[in-house]
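Asker: Below you'll find the structure I mean.
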Amino acid sequence: MNLQASPIDAHSSDLPRLEKLNREAFPPQERLETPKLLAMAAEGLVEIWAFRDGKLFVGFATVMPYGPLGYIWFFAVEHTLRGRGYGSQALALLKELYQGRQLVLDLEELDDSAPNPQQRQARRAFYLRNGYCPTGWFMAYGGATFEVLSQGEPFLLQAFAEMVQAMGIRGFHPRFFQK
């Protein structure tokens, strides 16, 4: 296994696979369509990375670098390749690429009444195994609540809140809170 990250733009040969995985991995209310992500990348707001093992497309990440932060906004591994260590290697590559920045991500909060409680628990456990820690902060938007995890302490809430505002996505105004 020799995982590598390469940037994706509108001319990337990995674009069809990224678009398919984007639609499979994220529910419509949480997903940004690929053309919007590409437009944000063209404006320099986000960076989109493809993960490949040789010729094999493994997954992708969309990261928003902002001041001292690197917000892993979207991260997905092909479902047929999960459980093989690719996700951990991809996170390690992102840590190298954004060295010196606090990496932050959010995930659906644990909720036993949700339709996918085991999937949520497994996803959270995966990030904890890979060095992410609960920040004690949550954000709510689109009728859902997300837990914020980060690498490194203390969590830079003010910078994170500023970054979310800088996204400039119409109607995206998450509320931050602690439980």
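Ordering of the structure tokens sets the chain letters (A, B, ...); residue numbers start at 1 within each chain; ligands are numbered from 1 in the order shown.
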Considering only C-alpha atoms, return as a list in words whatever protein or nucleic-acid residues lie within 8 Å of Cys133 of chain A, sequence-local ones (same chain, fewer than 2 positions apart) excluded.

Answerer: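 With the cut-off at 8 Å, the set is Tyr127, Leu128, Gly131, Thr135, Leu149, Ser150, Gln151 and Gly152 of chain A.
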
Asker: Kindly export the residues of the current selection with all heavy atoms, as a JSON list (two decimals), in the first residue's frame.

Answerer:
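Writing done, so here's part-v7.json:
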```json
[["chain", "number", "residue", "atom", "x", "y", "z"],
["A", 127, "TYR", "N", -11.95, 8.27, 14.14],
["A", 127, "TYR", "CA", -11.24, 9.55, 14.30],
["A", 127, "TYR", "C", -10.48, 9.60, 15.63],
["A", 127, "TYR", "O", -9.36, 10.11, 15.67],
["A", 127, "TYR", "CB", -12.20, 10.73, 14.17],
["A", 127, "TYR", "CG", -12.65, 10.95, 12.74],
["A", 127, "TYR", "CD1", -13.98, 10.85, 12.38],
["A", 127, "TYR", "CD2", -11.72, 11.25, 11.75],
["A", 127, "TYR", "CE1", -14.38, 11.06, 11.07],
["A", 127, "TYR", "CE2", -12.11, 11.45, 10.43],
["A", 127, "TYR", "CZ", -13.44, 11.34, 10.10],
["A", 127, "TYR", "OH", -13.84, 11.54, 8.80],
["A", 128, "LEU", "N", -11.06, 9.07, 16.69],
["A", 128, "LEU", "CA", -10.36, 9.06, 17.98],
["A", 128, "LEU", "C", -9.09, 8.21, 17.88],
["A", 128, "LEU", "O", -8.04, 8.60, 18.41],
["A", 128, "LEU", "CB", -11.28, 8.55, 19.09],
["A", 128, "LEU", "CG", -12.49, 9.43, 19.43],
["A", 128, "LEU", "CD1", -13.33, 8.76, 20.52],
["A", 128, "LEU", "CD2", -12.08, 10.83, 19.84],
["A", 131, "GLY", "N", -6.06, 10.12, 16.40],
["A", 131, "GLY", "CA", -5.50, 11.29, 17.05],
["A", 131, "GLY", "C", -6.41, 12.49, 17.20],
["A", 131, "GLY", "O", -5.96, 13.55, 17.65],
["A", 135, "THR", "N", -13.67, 18.23, 21.38],
["A", 135, "THR", "CA", -13.38, 19.60, 21.81],
["A", 135, "THR", "C", -14.35, 20.07, 22.88],
["A", 135, "THR", "O", -14.11, 21.10, 23.51],
["A", 135, "THR", "CB", -13.48, 20.57, 20.62],
["A", 135, "THR", "OG1", -14.84, 20.57, 20.15],
["A", 135, "THR", "CG2", -12.52, 20.19, 19.51],
["A", 149, "LEU", "N", -14.35, 17.77, 16.47],
["A", 149, "LEU", "CA", -13.14, 17.10, 16.95],
["A", 149, "LEU", "C", -11.93, 17.85, 16.40],
["A", 149, "LEU", "O", -12.02, 18.47, 15.33],
["A", 149, "LEU", "CB", -13.07, 15.65, 16.47],
["A", 149, "LEU", "CG", -14.23, 14.73, 16.81],
["A", 149, "LEU", "CD1", -13.97, 13.33, 16.25],
["A", 149, "LEU", "CD2", -14.48, 14.65, 18.29],
["A", 150, "SER", "N", -10.82, 17.78, 17.11],
["A", 150, "SER", "CA", -9.61, 18.45, 16.61],
["A", 150, "SER", "C", -8.37, 17.66, 17.02],
["A", 150, "SER", "O", -8.41, 16.83, 17.92],
["A", 150, "SER", "CB", -9.51, 19.88, 17.14],
["A", 150, "SER", "OG", -9.18, 19.88, 18.51],
["A", 151, "GLN", "N", -7.28, 17.98, 16.34],
["A", 151, "GLN", "CA", -5.96, 17.49, 16.73],
["A", 151, "GLN", "C", -5.27, 18.66, 17.39],
["A", 151, "GLN", "O", -5.21, 19.75, 16.82],
["A", 151, "GLN", "CB", -5.16, 17.02, 15.53],
["A", 151, "GLN", "CG", -5.60, 15.69, 15.01],
["A", 151, "GLN", "CD", -4.56, 15.08, 14.09],
["A", 151, "GLN", "OE1", -3.80, 15.76, 13.43],
["A", 151, "GLN", "NE2", -4.54, 13.77, 14.04],
["A", 152, "GLY", "N", -4.76, 18.44, 18.55],
["A", 152, "GLY", "CA", -4.06, 19.50, 19.26],
["A", 152, "GLY", "C", -4.99, 20.30, 20.15],
["A", 152, "GLY", "O", -6.17, 20.44, 19.87]]
```

Asker: Just the strand (DSSP E) stuff from segment 10-178 of chain A, please, per backbone DSSP, written as a ChimeraX atom specification.

Answerer: /A:47-53,56-66,69-77,102-108,133-141,144-150,175-178

Asker: For Gln121 of chain A, which residue among A:Val104, A:Gly59, A:Asn2, A:Glu147 is the nearest when counting only C-alpha atoms?

Answerer: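 Smallest distance to Gln121 of chain A is found for A:Glu147.
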
Asker: Hey, could you make a per-residue contact list for segment 60-163 of chain A against segment 4-26 of chain A with 9 Å as the cut-off, showing the nearest pair of atoms and its distance in Å to one decimal, counting only C-alpha atoms, sorted by chain and number, as a tab-separated table?

Answerer:
```
residue	atom	partner	partner_atom	distance
A:Phe60	CA	A:Leu18	CA	6.7
A:Phe74	CA	A:Asn22	CA	8.5
A:Phe75	CA	A:Ala25	CA	8.8
A:Ala76	CA	A:Ala25	CA	6.5
A:Val77	CA	A:Leu21	CA	7.9
A:Glu78	CA	A:Leu21	CA	6.7
A:His79	CA	A:Ala25	CA	8.4
A:Gln89	CA	A:Gln4	CA	8.9
A:Ala90	CA	A:Ala5	CA	7.7
A:Leu93	CA	A:Ala5	CA	7.1
A:Leu94	CA	A:Ala5	CA	8.4
```

Asker: Write out the residues from the selection above, keeping C-alpha atoms, as a PDB file, in the first residue's frame.

Answerer:
```
ATOM      1  CA  PHE A  60     -10.990  12.292  -1.309  1.00  0.00           C
ATOM      2  CA  PHE A  74     -15.444  16.422   3.560  1.00  0.00           C
ATOM      3  CA  PHE A  75     -13.567  13.143   3.889  1.00  0.00           C
ATOM      4  CA  ALA A  76     -14.583   9.863   2.270  1.00  0.00           C
ATOM      5  CA  VAL A  77     -13.054   6.525   1.355  1.00  0.00           C
ATOM      6  CA  GLU A  78     -14.623   4.222  -1.238  1.00  0.00           C
ATOM      7  CA  HIS A  79     -16.956   1.886   0.669  1.00  0.00           C
ATOM      8  CA  GLN A  89      -3.179   6.721   5.926  1.00  0.00           C
ATOM      9  CA  ALA A  90      -5.182   9.509   4.268  1.00  0.00           C
ATOM     10  CA  LEU A  93      -1.150  12.482   4.725  1.00  0.00           C
ATOM     11  CA  LEU A  94      -3.428  15.407   5.587  1.00  0.00           C
TER      12      LEU A  94
END
```

Asker: Could you pull the residues within 6 Å of Met139 of chain A, counting only C-alpha atoms, minus those fewer than 5 positions along the same chain, as a list in words?

Answerer: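 What passes the distance filter is Thr145, Phe146, Pro174, Arg175 and Phe176 of chain A.
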
Asker: Neighbours of Leu38 of chain A within 9 Å (only C-alpha atoms; same-chain residues fewer than 4 positions away dropped), as a ChimeraX atom specification?

Answerer: /A:8-10,33-34,42-43,46-48

Asker: Suppose you want the space between atom CA of Arg31 of chain A and atom CA of Arg120 of chain A; what is it in Å?

Answerer: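 So the answer is 16.8 Å.
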
Asker: Nearest residue to Phe155 of chain A out of A:Phe57, A:Tyr132, A:Phe172, A:Phe51, using only C-alpha atoms?

Answerer: A:Tyr132

Asker: Determine which residues of segment 92-173 of chain A DSSP labels as alpha helix (DSSP H) from the backbone of this structure, then write them out as a ChimeraX atom specification.

Answerer: /A:92-97,117-129,157-166

Asker: Quick one: write out the picked residues with N, CA and C atoms as a PDB file, in the first residue's frame?

Answerer:
```pdb
ATOM      1  N   ALA A  92      -3.206  10.676   7.909  1.00  0.00           N
ATOM      2  CA  ALA A  92      -1.787  10.943   8.161  1.00  0.00           C
ATOM      3  C   ALA A  92      -1.204  11.843   7.066  1.00  0.00           C
ATOM      4  N   LEU A  93      -1.602  11.614   5.817  1.00  0.00           N
ATOM      5  CA  LEU A  93      -1.150  12.482   4.725  1.00  0.00           C
ATOM      6  C   LEU A  93      -1.647  13.916   4.922  1.00  0.00           C
ATOM      7  N   LEU A  94      -2.898  14.063   5.349  1.00  0.00           N
ATOM      8  CA  LEU A  94      -3.428  15.407   5.587  1.00  0.00           C
ATOM      9  C   LEU A  94      -2.673  16.096   6.721  1.00  0.00           C
ATOM     10  N   LYS A  95      -2.307  15.329   7.731  1.00  0.00           N
ATOM     11  CA  LYS A  95      -1.535  15.899   8.841  1.00  0.00           C
ATOM     12  C   LYS A  95      -0.196  16.438   8.328  1.00  0.00           C
ATOM     13  N   GLU A  96       0.434  15.713   7.410  1.00  0.00           N
ATOM     14  CA  GLU A  96       1.697  16.179   6.814  1.00  0.00           C
ATOM     15  C   GLU A  96       1.474  17.409   5.943  1.00  0.00           C
ATOM     16  N   LEU A  97       0.425  17.362   5.126  1.00  0.00           N
ATOM     17  CA  LEU A  97       0.147  18.472   4.214  1.00  0.00           C
ATOM     18  C   LEU A  97      -0.179  19.772   4.954  1.00  0.00           C
ATOM     19  N   PRO A 117     -27.027   4.620  14.270  1.00  0.00           N
ATOM     20  CA  PRO A 117     -26.199   4.845  15.465  1.00  0.00           C
ATOM     21  C   PRO A 117     -24.878   4.070  15.450  1.00  0.00           C
ATOM     22  N   GLN A 118     -24.859   2.845  14.919  1.00  0.00           N
ATOM     23  CA  GLN A 118     -23.613   2.074  14.881  1.00  0.00           C
ATOM     24  C   GLN A 118     -22.604   2.725  13.935  1.00  0.00           C
ATOM     25  N   GLN A 119     -23.066   3.224  12.808  1.00  0.00           N
ATOM     26  CA  GLN A 119     -22.180   3.890  11.858  1.00  0.00           C
ATOM     27  C   GLN A 119     -21.573   5.144  12.490  1.00  0.00           C
ATOM     28  N   ARG A 120     -22.372   5.900  13.216  1.00  0.00           N
ATOM     29  CA  ARG A 120     -21.879   7.103  13.884  1.00  0.00           C
ATOM     30  C   ARG A 120     -20.835   6.760  14.939  1.00  0.00           C
ATOM     31  N   GLN A 121     -21.092   5.700  15.704  1.00  0.00           N
ATOM     32  CA  GLN A 121     -20.127   5.281  16.729  1.00  0.00           C
ATOM     33  C   GLN A 121     -18.827   4.820  16.103  1.00  0.00           C
ATOM     34  N   ALA A 122     -18.921   4.056  15.013  1.00  0.00           N
ATOM     35  CA  ALA A 122     -17.717   3.557  14.331  1.00  0.00           C
ATOM     36  C   ALA A 122     -16.916   4.720  13.744  1.00  0.00           C
ATOM     37  N   ARG A 123     -17.607   5.695  13.155  1.00  0.00           N
ATOM     38  CA  ARG A 123     -16.924   6.848  12.564  1.00  0.00           C
ATOM     39  C   ARG A 123     -16.188   7.635  13.645  1.00  0.00           C
ATOM     40  N   ARG A 124     -16.858   7.870  14.767  1.00  0.00           N
ATOM     41  CA  ARG A 124     -16.229   8.624  15.858  1.00  0.00           C
ATOM     42  C   ARG A 124     -15.023   7.864  16.401  1.00  0.00           C
ATOM     43  N   ALA A 125     -15.160   6.556  16.598  1.00  0.00           N
ATOM     44  CA  ALA A 125     -14.056   5.735  17.108  1.00  0.00           C
ATOM     45  C   ALA A 125     -12.871   5.779  16.143  1.00  0.00           C
ATOM     46  N   PHE A 126     -13.139   5.772  14.841  1.00  0.00           N
ATOM     47  CA  PHE A 126     -12.082   5.861  13.827  1.00  0.00           C
ATOM     48  C   PHE A 126     -11.280   7.147  14.017  1.00  0.00           C
ATOM     49  N   TYR A 127     -11.952   8.273  14.144  1.00  0.00           N
ATOM     50  CA  TYR A 127     -11.240   9.547  14.301  1.00  0.00           C
ATOM     51  C   TYR A 127     -10.484   9.604  15.627  1.00  0.00           C
ATOM     52  N   LEU A 128     -11.063   9.075  16.686  1.00  0.00           N
ATOM     53  CA  LEU A 128     -10.362   9.065  17.980  1.00  0.00           C
ATOM     54  C   LEU A 128      -9.088   8.213  17.885  1.00  0.00           C
ATOM     55  N   ARG A 129      -9.165   7.062  17.207  1.00  0.00           N
ATOM     56  CA  ARG A 129      -7.981   6.211  17.014  1.00  0.00           C
ATOM     57  C   ARG A 129      -6.899   6.929  16.213  1.00  0.00           C
ATOM     58  N   LEU A 157     -11.618  27.788  19.021  1.00  0.00           N
ATOM     59  CA  LEU A 157     -13.018  28.029  18.681  1.00  0.00           C
ATOM     60  C   LEU A 157     -13.208  29.328  17.915  1.00  0.00           C
ATOM     61  N   GLN A 158     -12.591  30.414  18.364  1.00  0.00           N
ATOM     62  CA  GLN A 158     -12.786  31.702  17.701  1.00  0.00           C
ATOM     63  C   GLN A 158     -12.333  31.642  16.238  1.00  0.00           C
ATOM     64  N   ALA A 159     -11.182  31.040  15.993  1.00  0.00           N
ATOM     65  CA  ALA A 159     -10.691  30.906  14.616  1.00  0.00           C
ATOM     66  C   ALA A 159     -11.628  30.024  13.799  1.00  0.00           C
ATOM     67  N   PHE A 160     -12.159  28.977  14.417  1.00  0.00           N
ATOM     68  CA  PHE A 160     -13.078  28.075  13.723  1.00  0.00           C
ATOM     69  C   PHE A 160     -14.368  28.809  13.352  1.00  0.00           C
ATOM     70  N   ALA A 161     -14.909  29.572  14.285  1.00  0.00           N
ATOM     71  CA  ALA A 161     -16.137  30.330  14.018  1.00  0.00           C
ATOM     72  C   ALA A 161     -15.901  31.364  12.909  1.00  0.00           C
ATOM     73  N   GLU A 162     -14.750  32.022  12.919  1.00  0.00           N
ATOM     74  CA  GLU A 162     -14.412  32.988  11.866  1.00  0.00           C
ATOM     75  C   GLU A 162     -14.299  32.290  10.513  1.00  0.00           C
ATOM     76  N   MET A 163     -13.700  31.116  10.507  1.00  0.00           N
ATOM     77  CA  MET A 163     -13.533  30.365   9.279  1.00  0.00           C
ATOM     78  C   MET A 163     -14.889  29.985   8.691  1.00  0.00           C
ATOM     79  N   VAL A 164     -15.806  29.537   9.542  1.00  0.00           N
ATOM     80  CA  VAL A 164     -17.136  29.152   9.069  1.00  0.00           C
ATOM     81  C   VAL A 164     -17.828  30.354   8.429  1.00  0.00           C
ATOM     82  N   GLN A 165     -17.686  31.517   9.024  1.00  0.00           N
ATOM     83  CA  GLN A 165     -18.270  32.732   8.439  1.00  0.00           C
ATOM     84  C   GLN A 165     -17.616  33.053   7.087  1.00  0.00           C
ATOM     85  N   ALA A 166     -16.317  32.823   6.982  1.00  0.00           N
ATOM     86  CA  ALA A 166     -15.576  33.137   5.754  1.00  0.00           C
ATOM     87  C   ALA A 166     -15.962  32.230   4.589  1.00  0.00           C
TER      88      ALA A 166
END
```

Asker: Here is a test: counting only C-alpha atoms, which residue of A:Arg84, A:Lys179, A:His173, A:Arg101 is nearest to Leu156 of chain A?

Answerer: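 Ranked by minimum distance to Leu156 of chain A, first place goes to A:Arg101.
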